[in-house]
file upload_21.pdb (PDB, C-alpha atoms and all ligand atoms)
ATOM      1  CA  MET A   1      35.345   6.609  40.167
ATOM      2  CA  SER A   2      37.759   8.779  42.163
ATOM      3  CA  ALA A   3      37.897   8.613  45.986
ATOM      4  CA  ALA A   4      35.272  10.693  47.827
ATOM      5  CA  ALA A   5      36.411  14.156  48.920
ATOM      6  CA  ASP A   6      36.433  15.224  52.570
ATOM      7  CA  PRO A   7      33.356  17.405  53.287
ATOM      8  CA  ARG A   8      35.546  19.527  55.603
ATOM      9  CA  GLU A   9      37.722  20.473  52.648
ATOM     10  CA  LEU A  10      35.414  20.658  49.640
ATOM     11  CA  ASP A  11      35.636  24.105  47.990
ATOM     12  CA  LEU A  12      32.016  25.295  48.177
ATOM     13  CA  ASP A  13      32.747  28.697  46.615
ATOM     14  CA  ALA A  14      34.295  26.984  43.590
ATOM     15  CA  LEU A  15      31.142  24.858  43.255
ATOM     16  CA  ARG A  16      29.011  28.023  43.492
ATOM     17  CA  GLN A  17      31.058  29.636  40.714
ATOM     18  CA  ARG A  18      30.446  26.566  38.545
ATOM     19  CA  LEU A  19      26.681  26.775  39.199
ATOM     20  CA  LEU A  20      26.169  30.493  38.582
ATOM     21  CA  PRO A  21      26.428  30.350  34.746
ATOM     22  CA  GLU A  22      23.568  27.773  34.693
ATOM     23  CA  SER A  23      20.793  30.101  33.606
ATOM     24  CA  GLY A  24      17.861  27.704  33.107
ATOM     25  CA  GLY A  25      14.585  27.794  35.021
ATOM     26  CA  GLU A  26      12.121  30.418  36.193
ATOM     27  CA  ARG A  27      11.341  31.870  39.596
ATOM     28  CA  SER A  28       8.004  30.944  41.143
ATOM     29  CA  THR A  29       5.305  33.502  40.479
ATOM     30  CA  SER A  30       2.900  32.112  43.090
ATOM     31  CA  ILE A  31       3.362  35.131  45.379
ATOM     32  CA  PRO A  32       5.000  38.537  44.712
ATOM     33  CA  GLU A  33       7.761  37.897  47.264
ATOM     34  CA  LEU A  34       8.951  34.801  45.346
ATOM     35  CA  ALA A  35       8.539  36.443  41.940
ATOM     36  CA  ASP A  36      10.848  39.230  43.174
ATOM     37  CA  ALA A  37      13.518  36.904  44.603
ATOM     38  CA  ASP A  38      17.093  37.515  43.457
ATOM     39  CA  PRO A  39      17.566  34.993  40.610
ATOM     40  CA  ASP A  40      21.312  34.963  41.224
ATOM     41  CA  LEU A  41      21.111  34.025  44.870
ATOM     42  CA  CYS A  42      23.142  30.823  44.973
ATOM     43  CA  ALA A  43      24.325  29.098  48.113
ATOM     44  CA  ILE A  44      25.605  25.710  49.183
ATOM     45  CA  ALA A  45      25.979  24.700  52.831
ATOM     46  CA  LEU A  46      27.030  21.557  54.682
ATOM     47  CA  ALA A  47      26.394  20.622  58.331
ATOM     48  CA  LEU A  48      28.589  17.822  59.640
ATOM     49  CA  PRO A  49      28.319  15.388  62.574
ATOM     50  CA  ASP A  50      31.065  17.243  64.483
ATOM     51  CA  GLY A  51      28.807  20.322  64.612
ATOM     52  CA  SER A  52      30.731  22.308  62.012
ATOM     53  CA  VAL A  53      28.773  24.223  59.368
ATOM     54  CA  ARG A  54      30.435  25.308  56.119
ATOM     55  CA  SER A  55      28.982  27.370  53.308
ATOM     56  CA  SER A  56      29.720  29.226  50.113
ATOM     57  CA  ALA A  57      29.031  32.928  49.661
ATOM     58  CA  ASP A  58      25.297  33.732  50.129
ATOM     59  CA  GLY A  59      25.099  31.058  52.864
ATOM     60  CA  ALA A  60      23.575  33.524  55.339
ATOM     61  CA  VAL A  61      21.119  35.209  52.923
ATOM     62  CA  PRO A  62      17.558  34.712  54.236
ATOM     63  CA  PHE A  63      14.650  33.265  52.229
ATOM     64  CA  SER A  64      11.318  31.678  53.091
ATOM     65  CA  ILE A  65      11.617  27.955  53.701
ATOM     66  CA  GLN A  66       8.491  27.061  51.637
ATOM     67  CA  SER A  67       8.128  23.336  51.068
ATOM     68  CA  ALA A  68      11.514  22.498  52.532
ATOM     69  CA  VAL A  69       9.548  22.788  55.784
ATOM     70  CA  LYS A  70       7.434  19.716  54.996
ATOM     71  CA  PRO A  71       9.767  16.983  56.349
ATOM     72  CA  PHE A  72       9.996  18.894  59.632
ATOM     73  CA  LEU A  73       6.224  19.389  59.842
ATOM     74  CA  PHE A  74       5.808  15.644  59.352
ATOM     75  CA  ALA A  75       8.365  15.031  62.117
ATOM     76  CA  LEU A  76       6.555  17.376  64.529
ATOM     77  CA  ALA A  77       3.172  15.811  63.708
ATOM     78  CA  LEU A  78       4.604  12.340  64.378
ATOM     79  CA  ALA A  79       6.083  13.539  67.670
ATOM     80  CA  ASP A  80       2.910  15.287  68.855
ATOM     81  CA  THR A  81       0.603  12.379  67.944
ATOM     82  CA  ASP A  82       2.888   9.576  69.194
ATOM     83  CA  GLY A  83       3.142   8.293  65.651
ATOM     84  CA  ALA A  84      -0.614   8.345  64.946
ATOM     85  CA  ALA A  85       0.024  10.850  62.122
ATOM     86  CA  LEU A  86       1.050   7.785  60.104
ATOM     87  CA  ASP A  87      -2.599   6.701  60.081
ATOM     88  CA  ARG A  88      -3.777  10.142  58.945
ATOM     89  CA  VAL A  89      -1.534  10.700  55.939
ATOM     90  CA  GLY A  90      -0.336   8.285  53.253
ATOM     91  CA  ILE A  91       3.321   7.739  52.360
ATOM     92  CA  GLU A  92       3.110   6.867  48.670
ATOM     93  CA  PRO A  93       4.645   9.015  45.909
ATOM     94  CA  THR A  94       2.083  10.670  43.647
ATOM     95  CA  GLY A  95       3.956  11.235  40.382
ATOM     96  CA  GLU A  96       2.050  14.518  40.310
ATOM     97  CA  ALA A  97       2.682  18.192  41.008
ATOM     98  CA  PHE A  98       3.003  19.497  44.568
ATOM     99  CA  ASP A  99      -0.434  21.093  44.587
ATOM    100  CA  ALA A 100      -2.435  18.462  42.688
ATOM    101  CA  ILE A 101      -6.072  18.441  43.826
ATOM    102  CA  LYS A 102      -6.069  14.784  44.674
ATOM    103  CA  LEU A 103      -6.458  12.656  47.792
ATOM    104  CA  GLU A 104      -5.791   8.953  48.313
ATOM    105  CA  SER A 105      -8.615   6.977  46.783
ATOM    106  CA  GLY A 106     -10.618   4.973  49.292
ATOM    107  CA  THR A 107      -9.354   6.783  52.401
ATOM    108  CA  GLY A 108      -9.586  10.493  51.490
ATOM    109  CA  ARG A 109      -6.220  10.979  53.172
ATOM    110  CA  PRO A 110      -3.530  13.155  51.616
ATOM    111  CA  PRO A 111      -1.231  10.929  49.534
ATOM    112  CA  ASN A 112       1.944  11.840  51.419
ATOM    113  CA  PRO A 113       3.282  14.563  53.755
ATOM    114  CA  MET A 114       5.602  16.084  51.120
ATOM    115  CA  VAL A 115       2.810  17.417  48.874
ATOM    116  CA  ASN A 116       0.675  20.399  49.870
ATOM    117  CA  ALA A 117      -2.382  18.406  50.984
ATOM    118  CA  GLY A 118      -0.201  16.333  53.313
ATOM    119  CA  ALA A 119       1.575  19.330  54.809
ATOM    120  CA  ILE A 120      -1.693  21.209  55.379
ATOM    121  CA  LEU A 121      -2.808  18.133  57.336
ATOM    122  CA  THR A 122       0.418  17.650  59.318
ATOM    123  CA  CYS A 123       0.234  21.338  60.353
ATOM    124  CA  ALA A 124      -3.204  20.591  61.784
ATOM    125  CA  LEU A 125      -1.885  17.599  63.763
ATOM    126  CA  VAL A 126       0.707  19.432  65.842
ATOM    127  CA  ASP A 127      -0.185  20.414  69.401
ATOM    128  CA  GLY A 128      -2.217  23.588  69.919
ATOM    129  CA  ASP A 129      -5.824  24.578  70.558
ATOM    130  CA  ASP A 130      -5.985  27.250  67.875
ATOM    131  CA  PRO A 131      -4.049  28.406  64.780
ATOM    132  CA  ASP A 132      -1.779  30.757  66.754
ATOM    133  CA  GLU A 133      -0.824  28.032  69.215
ATOM    134  CA  ARG A 134      -0.124  25.554  66.423
ATOM    135  CA  ALA A 135       1.956  28.117  64.518
ATOM    136  CA  SER A 136       3.972  28.867  67.680
ATOM    137  CA  ARG A 137       4.532  25.174  68.305
ATOM    138  CA  ILE A 138       5.738  24.769  64.704
ATOM    139  CA  VAL A 139       8.151  27.704  64.895
ATOM    140  CA  ALA A 140       9.537  26.396  68.217
ATOM    141  CA  GLY A 141       9.893  22.877  66.789
ATOM    142  CA  LEU A 142      11.615  24.131  63.639
ATOM    143  CA  SER A 143      13.929  26.243  65.803
ATOM    144  CA  SER A 144      15.044  23.116  67.608
ATOM    145  CA  PHE A 145      15.963  21.498  64.270
ATOM    146  CA  ALA A 146      17.765  24.715  63.287
ATOM    147  CA  GLY A 147      19.560  25.356  66.571
ATOM    148  CA  ARG A 148      18.495  28.987  66.586
ATOM    149  CA  ARG A 149      15.285  30.957  67.020
ATOM    150  CA  LEU A 150      13.453  31.188  63.702
ATOM    151  CA  GLU A 151      10.814  33.707  62.696
ATOM    152  CA  VAL A 152       7.908  33.971  60.285
ATOM    153  CA  ASP A 153       8.024  36.581  57.489
ATOM    154  CA  ASP A 154       4.552  38.054  57.973
ATOM    155  CA  ASP A 155       4.320  39.485  54.431
ATOM    156  CA  VAL A 156       5.086  36.096  52.892
ATOM    157  CA  ALA A 157       2.624  34.376  55.228
ATOM    158  CA  HIS A 158      -0.056  36.910  54.300
ATOM    159  CA  SER A 159       0.511  36.413  50.556
ATOM    160  CA  GLU A 160       0.522  32.618  50.918
ATOM    161  CA  HIS A 161      -2.759  32.698  52.807
ATOM    162  CA  LEU A 162      -4.397  35.195  50.478
ATOM    163  CA  LEU A 163      -3.213  33.749  47.153
ATOM    164  CA  GLY A 164      -3.071  30.030  47.921
ATOM    165  CA  ASP A 165      -6.355  29.150  46.236
ATOM    166  CA  ARG A 166      -5.349  25.560  45.568
ATOM    167  CA  ASN A 167      -4.339  25.124  49.202
ATOM    168  CA  HIS A 168      -7.761  26.370  50.297
ATOM    169  CA  ALA A 169      -9.335  23.940  47.821
ATOM    170  CA  LEU A 170      -7.301  21.048  49.254
ATOM    171  CA  ALA A 171      -8.248  21.948  52.819
ATOM    172  CA  HIS A 172     -11.949  22.079  51.909
ATOM    173  CA  LEU A 173     -11.675  18.761  50.119
ATOM    174  CA  MET A 174     -10.100  17.171  53.204
ATOM    175  CA  ARG A 175     -12.847  18.660  55.379
ATOM    176  CA  ASP A 176     -15.416  17.106  53.072
ATOM    177  CA  GLU A 177     -13.655  13.732  53.295
ATOM    178  CA  GLY A 178     -13.573  14.001  57.095
ATOM    179  CA  THR A 179      -9.768  13.784  57.176
ATOM    180  CA  LEU A 180      -9.102  17.362  58.338
ATOM    181  CA  ALA A 181     -10.403  18.041  61.843
ATOM    182  CA  VAL A 182      -9.855  21.823  62.013
ATOM    183  CA  ARG A 183     -11.493  24.631  59.969
ATOM    184  CA  ALA A 184     -10.158  24.775  56.417
ATOM    185  CA  ASP A 185      -9.108  28.423  56.666
ATOM    186  CA  ASP A 186      -7.373  27.821  60.001
ATOM    187  CA  ALA A 187      -5.436  24.914  58.501
ATOM    188  CA  VAL A 188      -4.267  27.007  55.522
ATOM    189  CA  SER A 189      -3.344  29.914  57.784
ATOM    190  CA  VAL A 190      -0.977  27.725  59.845
ATOM    191  CA  TYR A 191       0.470  26.099  56.712
ATOM    192  CA  ALA A 192       1.045  29.569  55.180
ATOM    193  CA  ARG A 193       2.985  30.640  58.269
ATOM    194  CA  ALA A 194       5.047  27.427  58.253
ATOM    195  CA  CYS A 195       6.037  28.040  54.600
ATOM    196  CA  ALA A 196       6.950  31.651  55.474
ATOM    197  CA  VAL A 197       9.539  30.814  58.139
ATOM    198  CA  LEU A 198      12.820  32.540  57.279
ATOM    199  CA  VAL A 199      15.946  30.408  57.033
ATOM    200  CA  ASN A 200      19.247  30.551  55.178
ATOM    201  CA  ALA A 201      21.342  27.835  53.552
ATOM    202  CA  GLN A 202      23.456  27.306  56.684
ATOM    203  CA  THR A 203      20.380  26.887  58.881
ATOM    204  CA  LEU A 204      18.682  24.576  56.417
ATOM    205  CA  ALA A 205      21.786  22.385  56.274
ATOM    206  CA  VAL A 206      21.697  22.039  60.074
ATOM    207  CA  MET A 207      18.010  21.129  59.914
ATOM    208  CA  GLY A 208      18.771  18.464  57.294
ATOM    209  CA  ALA A 209      21.661  17.166  59.391
ATOM    210  CA  THR A 210      19.414  16.811  62.434
ATOM    211  CA  LEU A 211      17.204  14.422  60.458
ATOM    212  CA  ALA A 212      20.182  12.636  58.888
ATOM    213  CA  LEU A 213      21.848  12.105  62.268
ATOM    214  CA  GLY A 214      19.015  10.400  64.129
ATOM    215  CA  GLY A 215      17.105  13.467  65.341
ATOM    216  CA  VAL A 216      19.929  15.116  67.330
ATOM    217  CA  ASN A 217      21.028  18.596  66.238
ATOM    218  CA  PRO A 218      24.818  18.296  65.701
ATOM    219  CA  VAL A 219      25.429  21.961  66.575
ATOM    220  CA  THR A 220      23.497  22.197  69.853
ATOM    221  CA  GLY A 221      23.485  18.524  70.842
ATOM    222  CA  GLU A 222      19.750  18.897  71.474
ATOM    223  CA  ARG A 223      17.406  16.068  70.496
ATOM    224  CA  ALA A 224      14.693  17.503  68.210
ATOM    225  CA  VAL A 225      12.792  14.222  67.605
ATOM    226  CA  SER A 226      13.331  10.516  68.278
ATOM    227  CA  ALA A 227      15.643   8.454  66.084
ATOM    228  CA  ARG A 228      12.625   6.480  64.888
ATOM    229  CA  ILE A 229      10.825   9.621  63.716
ATOM    230  CA  ALA A 230      13.953  10.937  61.989
ATOM    231  CA  ARG A 231      14.334   7.622  60.178
ATOM    232  CA  ASP A 232      10.682   7.582  59.070
ATOM    233  CA  VAL A 233      10.856  11.161  57.798
ATOM    234  CA  VAL A 234      14.074  10.615  55.820
ATOM    235  CA  ALA A 235      12.548   7.491  54.251
ATOM    236  CA  VAL A 236       9.555   9.490  53.014
ATOM    237  CA  MET A 237      11.843  12.294  51.757
ATOM    238  CA  ALA A 238      13.620   9.638  49.686
ATOM    239  CA  THR A 239      10.433   8.473  47.965
ATOM    240  CA  CYS A 240       8.326  11.653  47.815
ATOM    241  CA  GLY A 241      10.555  14.676  48.520
ATOM    242  CA  VAL A 242      10.968  15.978  44.979
ATOM    243  CA  TYR A 243       7.331  15.533  43.918
ATOM    244  CA  ASP A 244       7.003  14.134  40.394
ATOM    245  CA  GLY A 245      10.789  14.423  40.045
ATOM    246  CA  SER A 246      11.499  12.039  42.965
ATOM    247  CA  GLY A 247      12.494   9.018  40.872
ATOM    248  CA  ARG A 248      14.837  11.006  38.687
ATOM    249  CA  TRP A 249      16.310  12.652  41.791
ATOM    250  CA  MET A 250      17.006   9.357  43.580
ATOM    251  CA  ARG A 251      18.719   7.918  40.519
ATOM    252  CA  ALA A 252      20.897  10.931  39.830
ATOM    253  CA  VAL A 253      21.517  12.414  43.308
ATOM    254  CA  GLY A 254      20.630   9.475  45.552
ATOM    255  CA  VAL A 255      20.235  11.561  48.707
ATOM    256  CA  PRO A 256      16.857  11.998  50.469
ATOM    257  CA  ALA A 257      15.851  15.613  49.947
ATOM    258  CA  LYS A 258      13.000  18.112  49.854
ATOM    259  CA  SER A 259      12.645  20.770  47.174
ATOM    260  CA  SER A 260      10.722  24.012  47.471
ATOM    261  CA  VAL A 261       9.414  26.897  45.379
ATOM    262  CA  SER A 262      11.853  29.329  46.981
ATOM    263  CA  GLY A 263      14.567  27.325  45.213
ATOM    264  CA  ALA A 264      15.896  25.802  48.415
ATOM    265  CA  ILE A 265      16.621  22.094  48.633
ATOM    266  CA  VAL A 266      17.371  20.441  51.956
ATOM    267  CA  LEU A 267      19.297  17.172  51.869
ATOM    268  CA  SER A 268      19.675  14.529  54.581
ATOM    269  CA  ALA A 269      22.412  12.005  53.799
ATOM    270  CA  PRO A 270      21.727   9.267  56.378
ATOM    271  CA  GLY A 271      24.457   9.051  59.015
ATOM    272  CA  ARG A 272      26.682  11.392  56.998
ATOM    273  CA  LEU A 273      25.600  15.030  56.883
ATOM    274  CA  GLY A 274      22.946  17.612  56.118
ATOM    275  CA  ALA A 275      23.182  19.994  53.186
ATOM    276  CA  ALA A 276      21.302  22.806  51.510
ATOM    277  CA  VAL A 277      21.563  24.020  47.940
ATOM    278  CA  VAL A 278      19.649  27.173  47.130
ATOM    279  CA  SER A 279      18.896  29.198  44.009
ATOM    280  CA  PRO A 280      15.441  30.525  43.000
ATOM    281  CA  PRO A 281      15.049  29.551  39.294
ATOM    282  CA  LEU A 282      13.007  26.314  39.122
ATOM    283  CA  ASP A 283      12.569  23.541  36.576
ATOM    284  CA  GLU A 284       9.186  22.074  35.521
ATOM    285  CA  HIS A 285       9.025  19.947  38.711
ATOM    286  CA  GLY A 286       9.483  22.976  40.975
ATOM    287  CA  THR A 287      13.089  22.003  41.730
ATOM    288  CA  SER A 288      15.876  24.571  41.698
ATOM    289  CA  VAL A 289      17.910  24.107  38.505
ATOM    290  CA  ARG A 290      21.201  25.127  40.086
ATOM    291  CA  GLY A 291      20.211  23.292  43.259
ATOM    292  CA  ARG A 292      19.749  20.009  41.423
ATOM    293  CA  ILE A 293      23.049  20.308  39.597
ATOM    294  CA  GLY A 294      24.770  21.346  42.833
ATOM    295  CA  ALA A 295      23.252  18.399  44.704
ATOM    296  CA  GLU A 296      24.404  15.979  42.004
ATOM    297  CA  THR A 297      27.914  17.383  42.248
ATOM    298  CA  LEU A 298      27.943  17.166  46.060
ATOM    299  CA  SER A 299      26.678  13.599  45.886
ATOM    300  CA  ASP A 300      29.350  12.599  43.371
ATOM    301  CA  ASP A 301      32.206  14.460  45.040
ATOM    302  CA  LEU A 302      31.391  13.315  48.576
ATOM    303  CA  GLY A 303      30.196   9.802  47.682
ATOM    304  CA  LEU A 304      26.748  10.428  49.213
ATOM    305  CA  HIS A 305      24.542   8.329  46.883
ATOM    306  CA  VAL A 306      22.721   5.903  49.189
ATOM    307  CA  PHE A 307      23.006   3.171  46.536
ATOM    308  CA  GLY A 308      26.521   4.148  45.533
TER     309      GLY A 308
HETATM  310  N1  LIG A 401       3.993  27.554  49.810
HETATM  311  C1  LIG A 401       4.037  26.833  48.572
HETATM  312  C2  LIG A 401       2.640  26.455  48.175
HETATM  313  O1  LIG A 401       1.883  26.046  49.032
HETATM  314  C3  LIG A 401       4.906  25.633  48.763
HETATM  315  C4  LIG A 401       5.107  24.802  47.528
HETATM  316  C5  LIG A 401       6.552  24.386  47.320
HETATM  317  O2  LIG A 401       7.451  24.975  47.931
HETATM  318  O3  LIG A 401       6.803  23.436  46.523
HETATM  319  O4  LIG A 401       2.270  26.564  47.040
END
call {"tool": "encode", "arguments": {"input": "upload_21.pdb", "output": "structure tokens"}}
result
Amino acid sequence: MSAAADPRELDLDALRQRLLPESGGERSTSIPELADADPDLCAIALALPDGSVRSSADGAVPFSIQSAVKPFLFALALADTDGAALDRVGIEPTGEAFDAIKLESGTGRPPNPMVNAGAILTCALVDGDDPDERASRIVAGLSSFAGRRLEVDDDVAHSEHLLGDRNHALAHLMRDEGTLAVRADDAVSVYARACAVLVNAQTLAVMGATLALGGVNPVTGERAVSARIARDVVAVMATCGVYDGSGRWMRAVGVPAKSSVSGAIVLSAPGRLGAAVVSPPLDEHGTSVRGRIGAETLSDDLGLHVFG
């Protein structure tokens, strides 16, 4: 194995050029905005402990964060409940799709915070007396991870809320089990807005770095969450972040990460860096095809595999 490259020198545009000919996968058709995404959007970004952020071309192109938001929702729920969120949501991998209609047997809790049921619940655990207050708290909390003011794409949020039938089903199921304390529709409305927050690859890399570096944003120096929360969240990303592809991901890439249907993947390499790899076409696990190959290459080139 050759020596690891320096992340300050790695040629990210050359990596992007190597990824572009990979033509496998399909865009999500869950909402019109994702079905219409540019299939050739392809970006790689790195955020380093010294506060520098590097990216390939397309690094500033906006997209909705979708499920890459879930680690940060879990972090905010842990912060706002003083850790009690850990009693309300499981942390075991499911081996099933992101939107499986399934809760933990015996407890009725969502299986983990990285699948839809879990994220609908963590959205309901953040501070706020009503859906608007909770959504504002989430956008402010995400902005602290990002180091800049983020915004919700209202069209995406509307489509998510209107067309997310399985998410409504999950929220009703959790109401029936007594595990969701707020109205089902209110819970889905906040979750839809969280998924619709606009980011780009550079921003997502900074968010991943904030988790990887003990909860402190390396660009602003601001603490977003405690080191303990950051550690807990990265641990759950490692086991559950890529849904039913999590085992394969940890073997091949070996970096805690969260995939999403917009084709964005956020990576948190503990103590090392944050990264984002983004391209809309997805494989059968809902993971970006180019993103997975790009993440494997980054892991190999930079020596990021946690068991390496
Ligand atoms: N907003 C998407 C949904 O709830 C998120 C799923 C994903 O990104 O994997 O279906």
call {"tool": "residues_around", "arguments": {"input": "upload_21.pdb", "residues": "segment 22-37 of chain A", "least_positions_apart": "5", "cutoff": "6 Å", "atoms": "all atoms listed in the file", "output": "MDAnalysis selection string"}}
result
chainID A and resid 280:283
call {"tool": "axis_aligned_box", "arguments": {"input": "upload_21.pdb", "around": "ligand LIG 401 (chain A)", "padding_each_side": "3 Å", "output": "lines of an AutoDock Vina configuration file"}}
result
center_x = 4.7
center_y = 25.5
center_z = 48.2
size_x = 11.6
size_y = 10.1
size_z = 9.3
call {"tool": "closest_residue", "arguments": {"input": "upload_21.pdb", "among": "A:Asp185, A:Glu160, A:Glu92, A:Glu177", "to": "ligand LIG 401 (chain A)", "atoms": "all atoms listed in the file"}}
result
A:Glu160
call {"tool": "resolve_selection", "arguments": {"input": "upload_21.pdb", "expression": "the PyMOL selection byres (((not hetatm)) within 8 of (chain A and resi 401))", "output": "PyMOL selection string"}}
result
chain A and resi 30+65-68+98-99+115-116+160+164+166-167+191-192+195-196+259-263+286
call {"tool": "atom_distance", "arguments": {"input": "upload_21.pdb", "atom1": "atom CA of Pro21 of chain A", "atom2": "atom CA of Val206 of chain A"}}
result
27.1 Å
call {"tool": "resolve_selection", "arguments": {"input": "upload_21.pdb", "expression": "the PyMOL selection byres (((chain A and resi 72) around 12) and not hetatm)", "output": "VMD selection string"}}
result
chain A and resid 65 to 71 73 to 79 113 to 114 119 122 to 123 126 138 to 146 194 to 195 204 207 to 212 215 224 to 225 229 to 230 232 to 234 236 to 237 241 257 to 258 266 268
call {"tool": "residues_near_point", "arguments": {"input": "upload_21.pdb", "point": "(17.3, 14.3, 44.9)", "cutoff": "10 Å", "atoms": "all atoms listed in the file", "output": "MDAnalysis selection string"}}
result
chainID A and resid 237:242 245:259 265:268 287 291:293 295:296 299 305
call {"tool": "closest_residue", "arguments": {"input": "upload_21.pdb", "among": "A:Glu222, A:Asp154, A:Glu96, A:Glu133", "to": "Glu284 of chain A", "atoms": "only C-alpha atoms"}}
result
A:Glu96
call {"tool": "atom_distance", "arguments": {"input": "upload_21.pdb", "atom1": "atom CA of Pro110 of chain A", "atom2": "atom CA of Val278 of chain A"}}
result
27.5 Å
call {"tool": "atom_distance", "arguments": {"input": "upload_21.pdb", "atom1": "atom CA of Val89 of chain A", "atom2": "atom CA of Asn112 of chain A"}}
result
5.8 Å
call {"tool": "residues_around", "arguments": {"input": "upload_21.pdb", "residues": "Val182 of chain A", "least_positions_apart": "6", "cutoff": "9 Å", "atoms": "all atoms listed in the file", "output": "ChimeraX atom specification"}}
result
/A:124,130,175
call {"tool": "write_last_selection", "arguments": {"input": "upload_21.pdb", "atoms": "C-alpha atoms", "output": "tab-separated table (two decimals), keeping the file's coordinate frame"}}
result
chain	number	residue	atom	x	y	z
A	124	ALA	CA	-3.20	20.59	61.78
A	130	ASP	CA	-5.98	27.25	67.88
A	175	ARG	CA	-12.85	18.66	55.38
call {"tool": "residues_around", "arguments": {"input": "upload_21.pdb", "residues": "Pro49 of chain A", "least_positions_apart": "2", "cutoff": "8 Å", "atoms": "all atoms listed in the file", "output": "count of residues only"}}
result
8
call {"tool": "closest_residue", "arguments": {"input": "upload_21.pdb", "among": "A:Ala169, A:Leu304, A:Leu125, A:Cys42", "to": "Ala181 of chain A", "atoms": "only C-alpha atoms"}}
result
A:Leu125
call {"tool": "residues_around", "arguments": {"input": "upload_21.pdb", "residues": "Leu302 of chain A", "least_positions_apart": "6", "cutoff": "9 Å", "atoms": "all atoms listed in the file", "output": "MDAnalysis selection string"}}
result
chainID A and resid 3:7 10
call {"tool": "resolve_selection", "arguments": {"input": "upload_21.pdb", "expression": "the PyMOL selection byres (((chain A and resi 107) around 10) and not hetatm)", "output": "list in words"}}
result
Arg88, Val89, Gly90, Leu103, Glu104, Ser105, Gly106, Gly108, Arg109, Pro110, Pro111, Glu177, Gly178 and Thr179 of chain A
call {"tool": "residues_around", "arguments": {"input": "upload_21.pdb", "residues": "Asp186 of chain A", "least_positions_apart": "3", "cutoff": "6 Å", "atoms": "all atoms listed in the file", "output": "list in words"}}
result
Pro131, Arg183 and Ser189 of chain A
call {"tool": "closest_residue", "arguments": {"input": "upload_21.pdb", "among": "A:Asp165, A:Asp13, A:Asp129, A:Asp58", "to": "Ala100 of chain A", "atoms": "all atoms listed in the file"}}
result
A:Asp165
call {"tool": "closest_residue", "arguments": {"input": "upload_21.pdb", "among": "A:Gly274, A:Gly95, A:Gly118, A:Pro39", "to": "Thr203 of chain A", "atoms": "only C-alpha atoms"}}
result
A:Gly274
call {"tool": "closest_residue", "arguments": {"input": "upload_21.pdb", "among": "A:Ala184, A:Leu46, A:Lys102, A:Gly59", "to": "Ala269 of chain A", "atoms": "only C-alpha atoms"}}
result
A:Leu46
